[in-house]
$ cat my_file.pdb   # PDB, C-alpha atoms and all ligand atoms
ATOM      1  CA  MET A   1       0.000   0.000   0.000
ATOM      2  CA  GLN A   2       1.254   3.460  -0.920
ATOM      3  CA  VAL A   3       0.582   6.332   1.466
ATOM      4  CA  VAL A   4       0.589   9.731  -0.228
ATOM      5  CA  ARG A   5       0.021  13.241   0.992
ATOM      6  CA  SER A   6      -0.158  15.492  -2.050
ATOM      7  CA  PRO A   7      -2.887  15.469  -4.704
ATOM      8  CA  GLN A   8      -0.200  15.486  -7.431
ATOM      9  CA  GLU A   9       1.430  12.353  -6.057
ATOM     10  CA  LEU A  10      -1.925  10.660  -5.747
ATOM     11  CA  GLN A  11      -2.704  11.451  -9.365
ATOM     12  CA  GLU A  12       0.638  10.004 -10.499
ATOM     13  CA  TYR A  13      -0.132   6.681  -8.842
ATOM     14  CA  ARG A  14      -3.774   6.836  -9.949
ATOM     15  CA  ALA A  15      -2.692   7.229 -13.580
ATOM     16  CA  LYS A  16      -0.901   3.880 -13.472
ATOM     17  CA  PHE A  17      -4.023   1.993 -12.382
ATOM     18  CA  GLN A  18      -5.806  -0.046 -15.004
ATOM     19  CA  GLY A  19      -9.429  -1.090 -14.606
ATOM     20  CA  SER A  20     -11.920   0.145 -12.053
ATOM     21  CA  VAL A  21     -11.067   2.326  -9.064
ATOM     22  CA  GLY A  22     -13.162   2.276  -5.907
ATOM     23  CA  PHE A  23     -12.908   5.237  -3.533
ATOM     24  CA  VAL A  24     -13.784   5.473   0.174
ATOM     25  CA  PRO A  25     -13.533   9.003   1.620
ATOM     26  CA  THR A  26     -13.285   9.121   5.425
ATOM     27  CA  MET A  27     -12.214  11.313   8.306
ATOM     28  CA  GLY A  28     -10.268   8.435   9.843
ATOM     29  CA  ALA A  29     -10.460   6.852  13.319
ATOM     30  CA  LEU A  30     -11.573   3.893  11.278
ATOM     31  CA  HIS A  31     -14.055   1.376  12.692
ATOM     32  CA  LYS A  32     -15.995  -1.551  11.303
ATOM     33  CA  GLY A  33     -18.429   0.784   9.567
ATOM     34  CA  HIS A  34     -15.613   2.260   7.494
ATOM     35  CA  LEU A  35     -14.114  -1.187   7.041
ATOM     36  CA  SER A  36     -17.343  -2.504   5.518
ATOM     37  CA  LEU A  37     -17.137   0.215   2.851
ATOM     38  CA  ILE A  38     -13.450  -0.486   2.223
ATOM     39  CA  GLU A  39     -13.976  -4.252   1.967
ATOM     40  CA  ARG A  40     -16.828  -3.767  -0.451
ATOM     41  CA  SER A  41     -14.709  -1.495  -2.619
ATOM     42  CA  VAL A  42     -11.812  -3.969  -2.594
ATOM     43  CA  LYS A  43     -14.195  -6.729  -3.656
ATOM     44  CA  GLU A  44     -15.909  -4.740  -6.415
ATOM     45  CA  ASN A  45     -12.941  -2.924  -7.985
ATOM     46  CA  ASP A  46      -9.505  -3.558  -9.435
ATOM     47  CA  HIS A  47      -8.037  -0.871  -7.163
ATOM     48  CA  THR A  48      -9.138   0.865  -3.983
ATOM     49  CA  ILE A  49      -8.199   4.332  -2.778
ATOM     50  CA  VAL A  50      -9.073   5.480   0.767
ATOM     51  CA  SER A  51      -8.734   9.072   1.926
ATOM     52  CA  ILE A  52      -8.327  10.183   5.511
ATOM     53  CA  PHE A  53      -8.865  13.886   5.969
ATOM     54  CA  VAL A  54     -10.487  15.609   8.923
ATOM     55  CA  ASN A  55     -12.088  18.265   6.784
ATOM     56  CA  PRO A  56     -12.099  21.607   8.596
ATOM     57  CA  THR A  57     -14.760  23.217   6.386
ATOM     58  CA  GLN A  58     -17.502  20.802   7.456
ATOM     59  CA  PHE A  59     -17.124  21.630  11.155
ATOM     60  CA  LEU A  60     -18.966  24.663  12.484
ATOM     61  CA  PRO A  61     -17.292  27.065  14.907
ATOM     62  CA  GLY A  62     -17.516  25.500  18.374
ATOM     63  CA  GLU A  63     -17.787  21.938  17.041
ATOM     64  CA  ASP A  64     -15.283  19.162  17.742
ATOM     65  CA  PHE A  65     -12.755  19.719  14.904
ATOM     66  CA  GLU A  66      -9.753  19.994  17.245
ATOM     67  CA  LYS A  67     -10.652  17.065  19.428
ATOM     68  CA  TYR A  68     -11.947  14.826  16.614
ATOM     69  CA  PRO A  69     -10.111  11.476  17.089
ATOM     70  CA  ARG A  70      -6.982  11.062  14.964
ATOM     71  CA  ARG A  71      -5.509   7.558  14.826
ATOM     72  CA  TYR A  72      -3.280   7.627  11.792
ATOM     73  CA  ASP A  73      -1.062   4.623  12.600
ATOM     74  CA  ALA A  74      -3.958   2.301  13.470
ATOM     75  CA  ASP A  75      -5.840   3.514  10.381
ATOM     76  CA  LYS A  76      -2.888   2.726   8.113
ATOM     77  CA  LYS A  77      -2.750  -0.831   9.427
ATOM     78  CA  ILE A  78      -6.472  -1.333   8.929
ATOM     79  CA  CYS A  79      -6.233  -0.121   5.324
ATOM     80  CA  GLU A  80      -3.147  -2.203   4.592
ATOM     81  CA  LEU A  81      -4.763  -5.391   5.941
ATOM     82  CA  ALA A  82      -7.983  -4.713   4.031
ATOM     83  CA  GLY A  83      -6.094  -4.615   0.723
ATOM     84  CA  VAL A  84      -6.200  -0.883   0.006
ATOM     85  CA  ASP A  85      -3.819   0.141  -2.819
ATOM     86  CA  LEU A  86      -3.486   3.828  -2.096
ATOM     87  CA  LEU A  87      -4.056   5.773   1.112
ATOM     88  CA  PHE A  88      -4.440   9.507   0.612
ATOM     89  CA  MET A  89      -3.721  11.576   3.734
ATOM     90  CA  PRO A  90      -3.546  15.228   2.724
ATOM     91  CA  GLN A  91      -3.134  18.232   5.001
ATOM     92  CA  LYS A  92      -5.448  21.236   4.917
ATOM     93  CA  GLU A  93      -3.043  23.258   2.748
ATOM     94  CA  ASP A  94      -2.855  20.432   0.185
ATOM     95  CA  ILE A  95      -6.611  20.638  -0.356
ATOM     96  CA  TYR A  96      -7.625  24.275   0.151
ATOM     97  CA  HIS A  97      -6.462  27.408  -1.621
ATOM     98  CA  GLU A  98      -7.020  31.079  -1.010
ATOM     99  CA  ASP A  99     -10.188  32.754  -2.309
ATOM    100  CA  GLU A 100     -11.522  29.607  -3.913
ATOM    101  CA  VAL A 101     -14.174  28.930  -6.505
ATOM    102  CA  LEU A 102     -16.899  27.409  -4.341
ATOM    103  CA  VAL A 103     -19.292  24.523  -4.553
ATOM    104  CA  GLN A 104     -22.389  25.023  -2.411
ATOM    105  CA  ALA A 105     -24.900  22.659  -0.881
ATOM    106  CA  PRO A 106     -28.385  23.130  -2.364
ATOM    107  CA  ARG A 107     -30.178  25.913  -0.520
ATOM    108  CA  GLN A 108     -33.175  23.731   0.376
ATOM    109  CA  LYS A 109     -32.139  20.135   0.911
ATOM    110  CA  GLY A 110     -28.751  21.200   2.228
ATOM    111  CA  TYR A 111     -30.322  23.349   4.944
ATOM    112  CA  ILE A 112     -32.966  21.093   6.484
ATOM    113  CA  LEU A 113     -32.466  18.505   9.254
ATOM    114  CA  GLU A 114     -28.675  18.131   9.678
ATOM    115  CA  GLY A 115     -28.216  21.273   7.598
ATOM    116  CA  HIS A 116     -30.664  23.185   9.790
ATOM    117  CA  PHE A 117     -28.877  22.308  13.010
ATOM    118  CA  ARG A 118     -25.430  22.500  11.422
ATOM    119  CA  PRO A 119     -25.847  25.328   8.870
ATOM    120  CA  GLY A 120     -23.008  25.226   6.348
ATOM    121  CA  HIS A 121     -21.981  21.683   7.253
ATOM    122  CA  PHE A 122     -23.008  20.277   3.883
ATOM    123  CA  ASP A 123     -21.315  23.141   2.033
ATOM    124  CA  GLY A 124     -18.079  21.881   3.585
ATOM    125  CA  VAL A 125     -18.900  18.238   2.866
ATOM    126  CA  LEU A 126     -19.713  18.813  -0.805
ATOM    127  CA  ARG A 127     -16.782  21.161  -1.203
ATOM    128  CA  VAL A 128     -14.312  18.526  -0.062
ATOM    129  CA  VAL A 129     -15.982  15.534  -1.741
ATOM    130  CA  ASN A 130     -16.082  17.401  -5.047
ATOM    131  CA  LYS A 131     -12.361  18.126  -4.752
ATOM    132  CA  LEU A 132     -11.618  14.527  -3.768
ATOM    133  CA  PHE A 133     -13.608  13.274  -6.765
ATOM    134  CA  HIS A 134     -11.536  15.533  -9.046
ATOM    135  CA  ILE A 135      -8.278  14.312  -7.549
ATOM    136  CA  VAL A 136      -9.136  10.605  -7.370
ATOM    137  CA  ARG A 137     -11.380  10.200 -10.445
ATOM    138  CA  PRO A 138     -12.970   7.044  -9.067
ATOM    139  CA  THR A 139     -15.161   4.627 -10.986
ATOM    140  CA  ARG A 140     -17.272   4.106  -7.878
ATOM    141  CA  ALA A 141     -17.392   5.814  -4.478
ATOM    142  CA  TYR A 142     -18.712   4.224  -1.290
ATOM    143  CA  PHE A 143     -20.806   6.034   1.311
ATOM    144  CA  GLY A 144     -22.623   4.820   4.431
ATOM    145  CA  LYS A 145     -26.379   5.110   4.873
ATOM    146  CA  LYS A 146     -25.498   6.165   8.438
ATOM    147  CA  ASP A 147     -25.096   9.686   7.025
ATOM    148  CA  ALA A 148     -28.281   9.475   4.991
ATOM    149  CA  GLN A 149     -28.649  13.148   4.106
ATOM    150  CA  GLN A 150     -24.976  13.348   3.135
ATOM    151  CA  LEU A 151     -25.448  10.326   0.874
ATOM    152  CA  TYR A 152     -28.505  11.938  -0.720
ATOM    153  CA  LEU A 153     -26.660  15.236  -1.299
ATOM    154  CA  ILE A 154     -23.642  13.495  -2.804
ATOM    155  CA  GLN A 155     -25.904  11.575  -5.167
ATOM    156  CA  LYS A 156     -27.492  14.894  -6.045
ATOM    157  CA  MET A 157     -24.117  16.565  -6.623
ATOM    158  CA  VAL A 158     -23.111  13.719  -8.923
ATOM    159  CA  ARG A 159     -26.292  14.257 -10.958
ATOM    160  CA  ASP A 160     -26.113  18.062 -10.872
ATOM    161  CA  PHE A 161     -22.430  18.158 -11.928
ATOM    162  CA  PHE A 162     -22.696  15.266 -14.407
ATOM    163  CA  TRP A 163     -20.005  13.321 -12.594
ATOM    164  CA  ASP A 164     -19.477   9.889 -14.140
ATOM    165  CA  ILE A 165     -19.104   8.138 -10.789
ATOM    166  CA  GLY A 166     -21.240   5.345  -9.366
ATOM    167  CA  ILE A 167     -22.288   6.136  -5.796
ATOM    168  CA  VAL A 168     -22.637   2.946  -3.777
ATOM    169  CA  PRO A 169     -24.798   3.221  -0.631
ATOM    170  CA  CYS A 170     -23.640   0.873   2.139
ATOM    171  CA  GLU A 171     -25.600  -0.552   5.074
ATOM    172  CA  ILE A 172     -25.228   0.850   8.594
ATOM    173  CA  ILE A 173     -22.907  -1.226  10.766
ATOM    174  CA  ARG A 174     -23.932  -1.442  14.432
ATOM    175  CA  ASP A 175     -22.490  -2.815  17.614
ATOM    176  CA  ARG A 176     -24.123  -5.966  18.938
ATOM    177  CA  ASP A 177     -26.374  -3.892  21.183
ATOM    178  CA  GLY A 178     -27.626  -1.770  18.288
ATOM    179  CA  LEU A 179     -25.512   1.387  18.640
ATOM    180  CA  ALA A 180     -24.516   2.609  15.180
ATOM    181  CA  LEU A 181     -20.734   2.705  14.921
ATOM    182  CA  SER A 182     -19.305   6.215  14.780
ATOM    183  CA  SER A 183     -15.884   7.741  15.335
ATOM    184  CA  ARG A 184     -17.611  10.012  17.864
ATOM    185  CA  ASN A 185     -18.666   7.066  20.074
ATOM    186  CA  VAL A 186     -15.242   7.303  21.746
ATOM    187  CA  TYR A 187     -16.468  10.476  23.441
ATOM    188  CA  LEU A 188     -19.158   8.530  25.359
ATOM    189  CA  THR A 189     -18.701   7.492  28.986
ATOM    190  CA  PRO A 190     -20.010   3.963  29.784
ATOM    191  CA  GLN A 191     -23.184   5.515  31.234
ATOM    192  CA  GLU A 192     -23.689   7.721  28.193
ATOM    193  CA  ARG A 193     -23.163   4.755  25.914
ATOM    194  CA  GLN A 194     -26.048   2.961  27.664
ATOM    195  CA  LYS A 195     -28.242   6.022  27.213
ATOM    196  CA  ALA A 196     -27.220   6.295  23.558
ATOM    197  CA  LEU A 197     -28.853   2.922  22.915
ATOM    198  CA  LEU A 198     -32.218   4.667  23.158
ATOM    199  CA  ILE A 199     -31.569   6.111  19.698
ATOM    200  CA  SER A 200     -31.426   2.773  17.875
ATOM    201  CA  LYS A 201     -34.167   1.471  20.162
ATOM    202  CA  SER A 202     -36.485   4.313  19.118
ATOM    203  CA  LEU A 203     -35.747   3.673  15.435
ATOM    204  CA  LYS A 204     -36.504  -0.026  15.823
ATOM    205  CA  ARG A 205     -39.751   0.869  17.588
ATOM    206  CA  GLY A 206     -40.659   3.273  14.770
ATOM    207  CA  ALA A 207     -39.960   0.635  12.137
ATOM    208  CA  LYS A 208     -41.939  -1.980  14.039
ATOM    209  CA  LEU A 209     -44.929   0.329  14.389
ATOM    210  CA  ALA A 210     -44.883   0.955  10.643
ATOM    211  CA  GLN A 211     -44.589  -2.752   9.920
ATOM    212  CA  SER A 212     -47.558  -3.500  12.132
ATOM    213  CA  GLY A 213     -49.750  -1.073  10.196
ATOM    214  CA  GLN A 214     -49.159   2.376  11.709
ATOM    215  CA  ARG A 215     -48.407   4.559   8.674
ATOM    216  CA  ASP A 216     -49.065   7.931  10.292
ATOM    217  CA  ALA A 217     -45.674   9.655  10.531
ATOM    218  CA  GLN A 218     -46.800  11.967  13.347
ATOM    219  CA  LYS A 219     -47.954   9.045  15.511
ATOM    220  CA  ILE A 220     -44.694   7.169  14.903
ATOM    221  CA  LYS A 221     -42.643  10.241  15.800
ATOM    222  CA  GLU A 222     -44.632  10.708  19.026
ATOM    223  CA  GLU A 223     -43.961   7.114  20.097
ATOM    224  CA  MET A 224     -40.284   7.489  19.302
ATOM    225  CA  LEU A 225     -40.026  10.735  21.251
ATOM    226  CA  LYS A 226     -41.351   8.949  24.338
ATOM    227  CA  ILE A 227     -38.416   6.535  24.158
ATOM    228  CA  LEU A 228     -35.998   9.402  23.476
ATOM    229  CA  GLU A 229     -37.297  11.438  26.451
ATOM    230  CA  PRO A 230     -34.069  11.117  28.522
ATOM    231  CA  LEU A 231     -31.978  12.517  25.651
ATOM    232  CA  ASP A 232     -31.607  16.011  24.285
ATOM    233  CA  VAL A 233     -33.304  15.415  20.936
ATOM    234  CA  GLU A 234     -32.623  17.752  18.010
ATOM    235  CA  TYR A 235     -34.997  16.097  15.570
ATOM    236  CA  VAL A 236     -36.990  12.987  14.811
ATOM    237  CA  GLU A 237     -38.126  13.136  11.205
ATOM    238  CA  ILE A 238     -39.653  10.896   8.597
ATOM    239  CA  VAL A 239     -38.740  11.611   4.989
ATOM    240  CA  ASP A 240     -38.871   9.959   1.598
ATOM    241  CA  ARG A 241     -35.699   8.953  -0.243
ATOM    242  CA  ASN A 242     -35.437  12.478  -1.678
ATOM    243  CA  PHE A 243     -35.585  14.021   1.770
ATOM    244  CA  ASN A 244     -39.092  15.416   1.453
ATOM    245  CA  LYS A 245     -40.946  15.285   4.758
ATOM    246  CA  ILE A 246     -43.875  12.872   4.516
ATOM    247  CA  ASP A 247     -47.076  12.324   6.506
ATOM    248  CA  LYS A 248     -47.483   8.659   5.651
ATOM    249  CA  VAL A 249     -44.854   5.930   5.664
ATOM    250  CA  GLU A 250     -44.399   4.281   2.292
ATOM    251  CA  PHE A 251     -42.367   1.072   2.348
ATOM    252  CA  GLY A 252     -39.395   1.185  -0.023
ATOM    253  CA  ASN A 253     -39.355   4.982   0.077
ATOM    254  CA  THR A 254     -39.029   6.066   3.707
ATOM    255  CA  ILE A 255     -36.201   6.980   6.067
ATOM    256  CA  ILE A 256     -36.721   7.652   9.776
ATOM    257  CA  LEU A 257     -34.006   9.923  11.171
ATOM    258  CA  VAL A 258     -32.886  10.888  14.662
ATOM    259  CA  ALA A 259     -30.318  13.407  15.901
ATOM    260  CA  ALA A 260     -29.749  13.759  19.628
ATOM    261  CA  TYR A 261     -27.187  14.814  22.172
ATOM    262  CA  VAL A 262     -26.034  12.298  24.750
ATOM    263  CA  GLY A 263     -24.182  14.519  27.201
ATOM    264  CA  GLN A 264     -21.929  16.681  25.030
ATOM    265  CA  THR A 265     -21.863  14.191  22.149
ATOM    266  CA  ARG A 266     -24.119  14.673  19.167
ATOM    267  CA  LEU A 267     -25.191  11.405  17.548
ATOM    268  CA  ILE A 268     -27.229  10.658  14.426
ATOM    269  CA  ASP A 269     -28.837   7.441  13.282
ATOM    270  CA  ASN A 270     -31.584   6.321  10.925
ATOM    271  CA  ILE A 271     -33.487   3.370   9.558
ATOM    272  CA  TRP A 272     -34.608   2.767   5.968
ATOM    273  CA  LEU A 273     -38.077   1.288   5.418
TER     274      LEU A 273
HETATM  275  P1  LIG A 301     -16.664   9.628   8.357
HETATM  276  O1  LIG A 301     -15.289   9.154   8.646
HETATM  277  O2  LIG A 301     -17.520   9.785   9.567
HETATM  278  O3  LIG A 301     -16.692  10.836   7.459
HETATM  279  O4  LIG A 301     -17.367   8.471   7.528
HETATM  280  C1  LIG A 301     -16.822   8.007   6.316
HETATM  281  C2  LIG A 301     -17.823   7.121   5.636
HETATM  282  O5  LIG A 301     -18.126   5.999   6.474
HETATM  283  C3  LIG A 301     -19.161   7.821   5.371
HETATM  284  O6  LIG A 301     -19.643   7.440   4.094
HETATM  285  C4  LIG A 301     -20.034   7.301   6.480
HETATM  286  O7  LIG A 301     -21.412   7.307   6.158
HETATM  287  C5  LIG A 301     -19.528   5.890   6.615
HETATM  288  N1  LIG A 301     -19.876   5.340   7.930
HETATM  289  C6  LIG A 301     -19.627   5.883   9.153
HETATM  290  N2  LIG A 301     -20.149   5.123  10.126
HETATM  291  C7  LIG A 301     -20.744   4.065   9.517
HETATM  292  C8  LIG A 301     -21.474   2.925   9.979
HETATM  293  N3  LIG A 301     -21.689   2.703  11.274
HETATM  294  N4  LIG A 301     -21.924   2.039   9.063
HETATM  295  C9  LIG A 301     -21.716   2.267   7.737
HETATM  296  N5  LIG A 301     -21.056   3.314   7.239
HETATM  297  C10 LIG A 301     -20.576   4.212   8.112
END
$ encode --input "my_file.pdb" --output "structure tokens"
Amino acid sequence: MQVVRSPQELQEYRAKFQGSVGFVPTMGALHKGHLSLIERSVKENDHTIVSIFVNPTQFLPGEDFEKYPRRYDADKKICELAGVDLLFMPQKEDIYHEDEVLVQAPRQKGYILEGHFRPGHFDGVLRVVNKLFHIVRPTRAYFGKKDAQQLYLIQKMVRDFFWDIGIVPCEIIRDRDGLALSSRNVYLTPQERQKALLISKSLKRGAKLAQSGQRDAQKIKEEMLKILEPLDVEYVEIVDRNFNKIDKVEFGNTIILVAAYVGQTRLIDNIWL
């Protein structure tokens, strides 16, 4: 596995690849969720490129950019063992220039839900992913359903910018007890971790209600909020696959989303129906 820092170096190695190139962009502190994306890319492509970049532009002032976990040595080993060909680990100055031409998140879908509570977050996400796509030129790129709105917006960017890249949505990987894996879970104390389980529990309850005939989104949300009572909930929302809020659950076209604080840690999770 080659580890490269500069976009130019990455492109030199990339140019030598023949066949398909799978790409997995991450912010590192890799866990089994990331690994599932990497393994799928390795299986489905001739070459796999992983990027690790804690992207400053997607953090809002006051968020956890500085303390975001950085585990570069462990991450390298994980990538090497998984069969990654190229690991791209740029620094901020390798990626960003002064007074840039900007890509923006769509004003509507980029500013609801996550985008409402973290205004500008998706501008930063799309800005960096667009750059990474230009540098890497992947055949396919792998994204987790864990970040459902991000996945939707990246699919939209690919359509809107006529990118010839296949976006591959990947299932959410959870711990045995149901907690969705996240690099931010390391912030949780053992007590907070127990409390955090209410998030996946509420989603399971919502899904079960829908499966047993309750299609009214408002009623499902109310039941979920009862379970989430002990947490500091930012939103519980039910949307279709295009992130339009819906009143009635429609199987095959519904996502139930939760964002909540457990102590100081903000967690998101969702379930696809
Ligand atoms: P991040 O490092 O948080 O930017 O995540 C990098 C990629 O891994 C994104 O596409 C995430 O959606 C995905 N990801 C993070 N956690 C999980 C998980 N528990 N299961 C599946 N994919 C995940």
$ residues_near_ligand --input "my_file.pdb" --ligand "ligand LIG 301 (chain A)" --cutoff "6 Å" --atoms "all atoms listed in the file" --output "PDB file with C-alpha atoms, in the frame of the given file"
ATOM      1  CA  PRO A  25     -13.533   9.003   1.620  1.00  0.00           C
ATOM      2  CA  THR A  26     -13.285   9.121   5.425  1.00  0.00           C
ATOM      3  CA  MET A  27     -12.214  11.313   8.306  1.00  0.00           C
ATOM      4  CA  GLY A  28     -10.268   8.435   9.843  1.00  0.00           C
ATOM      5  CA  GLY A  33     -18.429   0.784   9.567  1.00  0.00           C
ATOM      6  CA  HIS A  34     -15.613   2.260   7.494  1.00  0.00           C
ATOM      7  CA  PHE A 143     -20.806   6.034   1.311  1.00  0.00           C
ATOM      8  CA  GLY A 144     -22.623   4.820   4.431  1.00  0.00           C
ATOM      9  CA  LYS A 145     -26.379   5.110   4.873  1.00  0.00           C
ATOM     10  CA  LYS A 146     -25.498   6.165   8.438  1.00  0.00           C
ATOM     11  CA  ASP A 147     -25.096   9.686   7.025  1.00  0.00           C
ATOM     12  CA  GLU A 171     -25.600  -0.552   5.074  1.00  0.00           C
ATOM     13  CA  ILE A 172     -25.228   0.850   8.594  1.00  0.00           C
ATOM     14  CA  ILE A 173     -22.907  -1.226  10.766  1.00  0.00           C
ATOM     15  CA  ARG A 174     -23.932  -1.442  14.432  1.00  0.00           C
ATOM     16  CA  ALA A 180     -24.516   2.609  15.180  1.00  0.00           C
ATOM     17  CA  LEU A 181     -20.734   2.705  14.921  1.00  0.00           C
ATOM     18  CA  SER A 182     -19.305   6.215  14.780  1.00  0.00           C
TER      19      SER A 182
END
$ residues_near_point --input "my_file.pdb" --point "(-2.3, 13.9, 3.5)" --cutoff "12 Å" --atoms "only C-alpha atoms" --output "CSV table (one decimal) with C-alpha atoms, in the frame of the given file"
chain,number,residue,atom,x,y,z
A,2,GLN,CA,1.3,3.5,-0.9
A,3,VAL,CA,0.6,6.3,1.5
A,4,VAL,CA,0.6,9.7,-0.2
A,5,ARG,CA,0.0,13.2,1.0
A,6,SER,CA,-0.2,15.5,-2.0
A,7,PRO,CA,-2.9,15.5,-4.7
A,8,GLN,CA,-0.2,15.5,-7.4
A,9,GLU,CA,1.4,12.4,-6.1
A,10,LEU,CA,-1.9,10.7,-5.7
A,27,MET,CA,-12.2,11.3,8.3
A,28,GLY,CA,-10.3,8.4,9.8
A,50,VAL,CA,-9.1,5.5,0.8
A,51,SER,CA,-8.7,9.1,1.9
A,52,ILE,CA,-8.3,10.2,5.5
A,53,PHE,CA,-8.9,13.9,6.0
A,54,VAL,CA,-10.5,15.6,8.9
A,55,ASN,CA,-12.1,18.3,6.8
A,72,TYR,CA,-3.3,7.6,11.8
A,86,LEU,CA,-3.5,3.8,-2.1
A,87,LEU,CA,-4.1,5.8,1.1
A,88,PHE,CA,-4.4,9.5,0.6
A,89,MET,CA,-3.7,11.6,3.7
A,90,PRO,CA,-3.5,15.2,2.7
A,91,GLN,CA,-3.1,18.2,5.0
A,92,LYS,CA,-5.4,21.2,4.9
A,93,GLU,CA,-3.0,23.3,2.7
A,94,ASP,CA,-2.9,20.4,0.2
A,95,ILE,CA,-6.6,20.6,-0.4
A,132,LEU,CA,-11.6,14.5,-3.8
$ atom_distance --input "my_file.pdb" --atom1 "atom CA of A:Ser212" --atom2 "atom CA of A:Glu250"
12.9 Å
$ resolve_selection --input "my_file.pdb" --expression "the PyMOL selection byres (((chain A and resi 21-23) around 6) and not hetatm)" --output "ChimeraX atom specification"
/A:20,24,41,45,47-50,138-141
$ closest_residue --input "my_file.pdb" --among "A:Asp64, A:Glu39, A:Asp216, A:Glu192" --to "A:Tyr261" --atoms "only C-alpha atoms"
A:Glu192
$ closest_residue --input "my_file.pdb" --among "A:Glu98, A:Phe59, A:Ser183, A:Asp175" --to "A:Val125" --atoms "all atoms listed in the file"
A:Phe59
$ resolve_selection --input "my_file.pdb" --expression "the PyMOL selection byres (((chain A and resi 221) around 10) and not hetatm)" --output "MDAnalysis selection string"
chainID A and resid 202:203 205:206 216:220 222:226 235:238 256:258
$ residues_around --input "my_file.pdb" --residues "A:Cys79" --least-positions-apart "3" --cutoff "9 Å" --atoms "all atoms listed in the file" --output "number ranges by chain"
A: 1, 30, 35, 38, 50, 74-76, 82-87
$ resolve_selection --input "my_file.pdb" --expression "the PyMOL selection byres (((chain A and resi 259) around 9) and not hetatm)" --output "PyMOL selection string"
chain A and resi 113-114+199+232-236+257-258+260-261+266-270
$ atom_distance --input "my_file.pdb" --atom1 "atom CA of A:Gln58" --atom2 "atom CA of A:Leu188"
21.8 Å
$ atom_distance --input "my_file.pdb" --atom1 "atom CA of A:Val262" --atom2 "atom CA of A:Lys195"
7.1 Å
$ residues_around --input "my_file.pdb" --residues "A:Gln194" --least-positions-apart "5" --cutoff "12 Å" --atoms "all atoms listed in the file" --output "ChimeraX atom specification"
/A:177-179,185,188-189,199-201,230-231,262-263
$ write_last_selection --input "my_file.pdb" --atoms "C-alpha atoms" --output "PDB file, keeping the file's coordinate frame"
ATOM      1  CA  ASP A 177     -26.374  -3.892  21.183  1.00  0.00           C
ATOM      2  CA  GLY A 178     -27.626  -1.770  18.288  1.00  0.00           C
ATOM      3  CA  LEU A 179     -25.512   1.387  18.640  1.00  0.00           C
ATOM      4  CA  ASN A 185     -18.666   7.066  20.074  1.00  0.00           C
ATOM      5  CA  LEU A 188     -19.158   8.530  25.359  1.00  0.00           C
ATOM      6  CA  THR A 189     -18.701   7.492  28.986  1.00  0.00           C
ATOM      7  CA  ILE A 199     -31.569   6.111  19.698  1.00  0.00           C
ATOM      8  CA  SER A 200     -31.426   2.773  17.875  1.00  0.00           C
ATOM      9  CA  LYS A 201     -34.167   1.471  20.162  1.00  0.00           C
ATOM     10  CA  PRO A 230     -34.069  11.117  28.522  1.00  0.00           C
ATOM     11  CA  LEU A 231     -31.978  12.517  25.651  1.00  0.00           C
ATOM     12  CA  VAL A 262     -26.034  12.298  24.750  1.00  0.00           C
ATOM     13  CA  GLY A 263     -24.182  14.519  27.201  1.00  0.00           C
TER      14      GLY A 263
END
$ residues_around --input "my_file.pdb" --residues "A:Tyr142" --least-positions-apart "4" --cutoff "7 Å" --atoms "only C-alpha atoms" --output "PDB file with C-alpha atoms, keeping the file's coordinate frame"
ATOM      1  CA  PHE A  23     -12.908   5.237  -3.533  1.00  0.00           C
ATOM      2  CA  VAL A  24     -13.784   5.473   0.174  1.00  0.00           C
ATOM      3  CA  LEU A  37     -17.137   0.215   2.851  1.00  0.00           C
ATOM      4  CA  ILE A 167     -22.288   6.136  -5.796  1.00  0.00           C
ATOM      5  CA  VAL A 168     -22.637   2.946  -3.777  1.00  0.00           C
ATOM      6  CA  PRO A 169     -24.798   3.221  -0.631  1.00  0.00           C
ATOM      7  CA  CYS A 170     -23.640   0.873   2.139  1.00  0.00           C
TER       8      CYS A 170
END
$ residues_around --input "my_file.pdb" --residues "A:Arg127" --least-positions-apart "5" --cutoff "12 Å" --atoms "only C-alpha atoms" --output "count of residues only"
22
$ residues_around --input "my_file.pdb" --residues "A:Gly252" --least-positions-apart "3" --cutoff "10 Å" --atoms "all atoms listed in the file" --output "PyMOL selection string"
chain A and resi 240-241+249+255+272-273
$ closest_residue --input "my_file.pdb" --among "A:Arg176, A:Asn244, A:Leu151, A:Glu80" --to "A:Val42" --atoms "only C-alpha atoms"
A:Glu80
$ closest_residue --input "my_file.pdb" --among "A:Ser36, A:Gln108, A:Gln11, A:Gln211" --to "A:Phe243" --atoms "only C-alpha atoms"
A:Gln108
$ closest_residue --input "my_file.pdb" --among "A:His31, A:Arg137, A:Lys43, A:Arg107" --to "A:Asp123" --atoms "all atoms listed in the file"
A:Arg107
$ decode --input "my_file.pdb" --residues "stretch 160-164 of chain A" --atoms "N, CA and C atoms" --output "compact mmCIF listing (two decimals), in the first residue's frame"
# COMPACT_ATOMS: atom_id res chain seq x y z
N ASP A 160 -26.11 16.65 -10.51
CA ASP A 160 -26.11 18.06 -10.87
C ASP A 160 -24.84 18.47 -11.63
N PHE A 161 -23.72 17.83 -11.30
CA PHE A 161 -22.43 18.16 -11.93
C PHE A 161 -22.04 17.17 -13.03
N PHE A 162 -22.95 16.25 -13.34
CA PHE A 162 -22.70 15.27 -14.41
C PHE A 162 -21.41 14.48 -14.17
N TRP A 163 -21.14 14.18 -12.91
CA TRP A 163 -20.01 13.32 -12.59
C TRP A 163 -20.29 11.90 -13.09
N ASP A 164 -19.30 11.27 -13.69
CA ASP A 164 -19.48 9.89 -14.14
C ASP A 164 -18.89 8.96 -13.06
